[in-house]
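*Asks:* I have a structure here, written as structure tokens, and I will follow up with some questions on it.
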Amino acid sequence: MSRVGNKSITIPEGVNVSVDDKNFVVVKGPKGELSFGFNAKMKVIIDGNILKVERPSDSIEDKTLHGTTRALLHNMVQGVTTEYSKTLLMEGVGYKATLQGKKLVISAGYSHLVEMPLPEGITVVVSSPTEFSIQGIDKQKVGQFAAEIRAIRKPEPYLGKGIRYKDEVVRRKEGKKAK
């Protein structure tokens with residue numbers, strides 16, 4: 001039994017959800033618009049301000065599609081009402097981030113600056129040279145862009161230098177000891 005798939009999604013005030021006959025969902029809200037093409041086996045039903053996903057059978061494939069479809073629709077409804085955000089911190093001497101037009105320029109200890117063009121629908125707010133947040137209505141795009149930035153210089157366990165998420169805990173290791 002899919003516990004996630006069986007939950008219904010409450011559509012908040014100001015959000016419009018439409019499903020067409022070609023297995024395509026469009027969610028419009030105050031922050032923007034998202035669309036999603038779901039599997040033809042799944043059935044998306046709108047009943048007033050309740051959104052439900054039903055599956056045709058209890059096969060393993062249908063159960064996984066059921067939960068995944070419901071979770072993606074829930075993320076879309078939540079994204080168009082309140083934006084998703086990921087905050088990243090930079091630790092290290094000379095590590096800093098600046099925003100130049102549609103590019104995020106990162107100095108992370110390399111001999112060159114790393115330029116990251118902003119994806120469509122993503123905004124970056126630089127609150128200090130070593131702290132910035134990535135915001136957008138699409139949860140997958142926000143998480144993917146944050147992961148790409150973190151991969152520039154992952155936090156290392158001995159000195160803790162690198163780019164990390166704000167809520168991430170880096171396990172520190174003890175260095176070599178002289179005898």
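Naming works like this for the structure tokens: A, B, ... for the chains as they're shown, residue 1 at the start of each chain, ligands 1 onward in shown order.
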If you run DSSP on the backbone here, which positions in chain A get alpha helix (DSSP H)? Please write them as a ChimeraX atom specification.

*Replies:* /A:3-6,60-81,139-150

*Asks:* For the selection you just gave me, I'd like the residues written to a file as a short mmCIF file (atom, residue, chain, number, x, y, z; two decimals), in the first residue's frame, keeping C-alpha atoms.

*Replies:*
```
data_model
loop_
_atom_site.label_atom_id
_atom_site.label_comp_id
_atom_site.auth_asym_id
_atom_site.auth_seq_id
_atom_site.Cartn_x
_atom_site.Cartn_y
_atom_site.Cartn_z
CA ARG A 3 1.07 5.66 1.98
CA VAL A 4 2.36 8.72 0.16
CA GLY A 5 0.23 8.15 -2.93
CA ASN A 6 -2.98 7.76 -0.93
CA ILE A 60 5.11 -2.80 -7.71
CA GLU A 61 5.58 -0.50 -10.71
CA ASP A 62 2.16 1.11 -10.24
CA LYS A 63 2.78 1.62 -6.52
CA THR A 64 6.08 3.41 -7.16
CA LEU A 65 4.55 5.58 -9.87
CA HIS A 66 1.62 6.36 -7.57
CA GLY A 67 3.77 7.76 -4.76
CA THR A 68 6.16 9.56 -7.07
CA THR A 69 3.39 11.25 -9.07
CA ARG A 70 1.65 12.43 -5.91
CA ALA A 71 4.91 13.77 -4.42
CA LEU A 72 5.78 15.69 -7.60
CA LEU A 73 2.30 17.23 -7.78
CA HIS A 74 2.51 18.23 -4.11
CA ASN A 75 5.89 19.89 -4.71
CA MET A 76 4.42 21.81 -7.66
CA VAL A 77 1.44 23.09 -5.65
CA GLN A 78 3.71 24.10 -2.78
CA GLY A 79 6.28 25.71 -5.11
CA VAL A 80 3.84 28.10 -6.80
CA THR A 81 2.62 29.37 -3.41
CA LYS A 139 12.15 22.11 -6.19
CA GLN A 140 14.17 19.91 -8.54
CA LYS A 141 15.89 22.86 -10.27
CA VAL A 142 16.75 24.55 -6.96
CA GLY A 143 18.25 21.37 -5.53
CA GLN A 144 20.15 20.52 -8.72
CA PHE A 145 21.71 23.99 -9.03
CA ALA A 146 22.67 23.96 -5.33
CA ALA A 147 24.31 20.54 -5.78
CA GLU A 148 26.26 21.77 -8.84
CA ILE A 149 27.57 24.75 -6.86
CA ARG A 150 28.50 22.55 -3.89
#
```

*Asks:* Within 12 Å of A:Leu159, counting only C-alpha atoms, which residues show up once you throw out same-chain ones fewer than 5 positions away? Write them as a ChimeraX atom specification, please.

*Replies:* /A:91-93,154,170-175

*Asks:* Please compute the atom CA of A:Val114-atom CA of A:Glu83 distance, one decimal, in Å.

*Replies:*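 Interatomic distance here is 26.3 Å.
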
*Asks:* Taking the backbone alone, and naming residues the way the document does, which bits of stretch 93-169 of chain A are strand (DSSP E) by DSSP, as a PyMOL selection string?

*Replies:* chain A and resi 96-100+103-107+114-117+122-128+131-136+162-165

*Asks:* Identify, on the basis of only C-alpha atoms, every residue whose closest approach to A:Asp21 does not exceed 12 Å; exclude the query and any residue fewer than 5 positions from it along the same chain; express the result as a short mmCIF file (atom, residue, chain, number, x, y, z; two decimals) with N, CA and C atoms, in the first residue's frame.

*Replies:*
```cif
data_model
loop_
_atom_site.label_atom_id
_atom_site.label_comp_id
_atom_site.auth_asym_id
_atom_site.auth_seq_id
_atom_site.Cartn_x
_atom_site.Cartn_y
_atom_site.Cartn_z
N GLY A 37 4.18 16.25 -17.09
CA GLY A 37 3.55 15.16 -17.83
C GLY A 37 3.71 13.87 -17.05
N PHE A 38 2.61 13.31 -16.56
CA PHE A 38 2.68 12.12 -15.74
C PHE A 38 2.39 10.87 -16.56
N ASN A 39 2.65 9.70 -15.98
CA ASN A 39 2.49 8.42 -16.64
C ASN A 39 1.02 8.17 -16.98
N ALA A 40 0.77 7.56 -18.12
CA ALA A 40 -0.60 7.33 -18.59
C ALA A 40 -1.38 6.36 -17.70
N MET A 42 -1.47 6.41 -14.41
CA MET A 42 -2.00 7.12 -13.25
C MET A 42 -3.21 7.97 -13.65
N LYS A 43 -4.08 8.19 -12.68
CA LYS A 43 -5.28 8.98 -12.92
C LYS A 43 -5.30 10.12 -11.89
N VAL A 44 -5.25 11.36 -12.35
CA VAL A 44 -5.27 12.53 -11.47
C VAL A 44 -6.68 13.09 -11.46
N ILE A 45 -7.25 13.22 -10.26
CA ILE A 45 -8.63 13.66 -10.11
C ILE A 45 -8.66 14.94 -9.29
#
```

*Asks:* Considering only C-alpha atoms, give me a table of residues in stretch 5-104 of chain A that are at most 6 Å from stretch 128-138 of chain A, with the closest atom pair and distance in Å for each, as a tab-separated table.

*Replies:*
```
residue	atom	partner	partner_atom	distance
A:Gly79	CA	A:Ile137	CA	4.5
A:Val80	CA	A:Ile137	CA	5.7
A:Glu83	CA	A:Ile137	CA	4.8
A:Tyr84	CA	A:Gly136	CA	5.5
A:Ser85	CA	A:Gln135	CA	4.4
A:Lys86	CA	A:Ile134	CA	5.2
A:Thr87	CA	A:Ser133	CA	4.1
A:Leu88	CA	A:Phe132	CA	5.6
A:Leu89	CA	A:Glu131	CA	4.7
A:Met90	CA	A:Thr130	CA	4.9
A:Lys96	CA	A:Pro129	CA	4.8
A:Ala97	CA	A:Pro129	CA	5.4
```

*Asks:* Would you save the residues of that selection, restricted to N, CA and C atoms, as an mmCIF file, in the first residue's frame?

*Replies:*
```cif
data_model
loop_
_atom_site.group_PDB
_atom_site.id
_atom_site.type_symbol
_atom_site.label_atom_id
_atom_site.label_comp_id
_atom_site.auth_asym_id
_atom_site.auth_seq_id
_atom_site.Cartn_x
_atom_site.Cartn_y
_atom_site.Cartn_z
ATOM 1 N N GLY A 79 5.305 24.808 -4.492
ATOM 2 C CA GLY A 79 6.275 25.706 -5.107
ATOM 3 C C GLY A 79 5.660 26.979 -5.665
ATOM 4 N N VAL A 80 4.452 26.895 -6.226
ATOM 5 C CA VAL A 80 3.835 28.097 -6.799
ATOM 6 C C VAL A 80 3.228 28.998 -5.721
ATOM 7 N N GLU A 83 8.105 29.870 -2.511
ATOM 8 C CA GLU A 83 9.297 29.427 -3.237
ATOM 9 C C GLU A 83 10.154 28.499 -2.382
ATOM 10 N N TYR A 84 10.859 27.610 -3.048
ATOM 11 C CA TYR A 84 11.838 26.763 -2.373
ATOM 12 C C TYR A 84 13.151 27.527 -2.285
ATOM 13 N N SER A 85 13.924 27.245 -1.247
ATOM 14 C CA SER A 85 15.167 27.962 -1.037
ATOM 15 C C SER A 85 16.224 27.034 -0.445
ATOM 16 N N LYS A 86 17.452 27.180 -0.902
ATOM 17 C CA LYS A 86 18.601 26.469 -0.345
ATOM 18 C C LYS A 86 19.671 27.515 -0.058
ATOM 19 N N THR A 87 20.213 27.492 1.155
ATOM 20 C CA THR A 87 21.257 28.430 1.541
ATOM 21 C C THR A 87 22.587 27.696 1.599
ATOM 22 N N LEU A 88 23.606 28.291 0.992
ATOM 23 C CA LEU A 88 24.935 27.700 0.981
ATOM 24 C C LEU A 88 25.923 28.628 1.678
ATOM 25 N N LEU A 89 26.890 28.028 2.367
ATOM 26 C CA LEU A 89 27.948 28.762 3.055
ATOM 27 C C LEU A 89 29.289 28.382 2.455
ATOM 28 N N MET A 90 30.207 29.336 2.444
ATOM 29 C CA MET A 90 31.560 29.076 1.943
ATOM 30 C C MET A 90 32.531 29.314 3.090
ATOM 31 N N LYS A 96 34.639 33.442 -1.873
ATOM 32 C CA LYS A 96 33.548 34.411 -1.916
ATOM 33 C C LYS A 96 32.706 34.195 -3.166
ATOM 34 N N ALA A 97 31.492 34.722 -3.113
ATOM 35 C CA ALA A 97 30.570 34.613 -4.247
ATOM 36 C C ALA A 97 30.007 35.991 -4.548
#
```

*Asks:* Just to confirm, what's the straight-line distance from atom CA of A:Val124 to atom CA of A:Ile106 in Å (one decimal)?

*Replies:*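 Taking atom CA of A:Val124 and atom CA of A:Ile106, their separation equals 12.5 Å.
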
*Asks:* To one decimal place, how far is atom CA of A:Ala178 from atom CA of A:Glu156 in Å?

*Replies:*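 Interatomic distance here is 21.6 Å.
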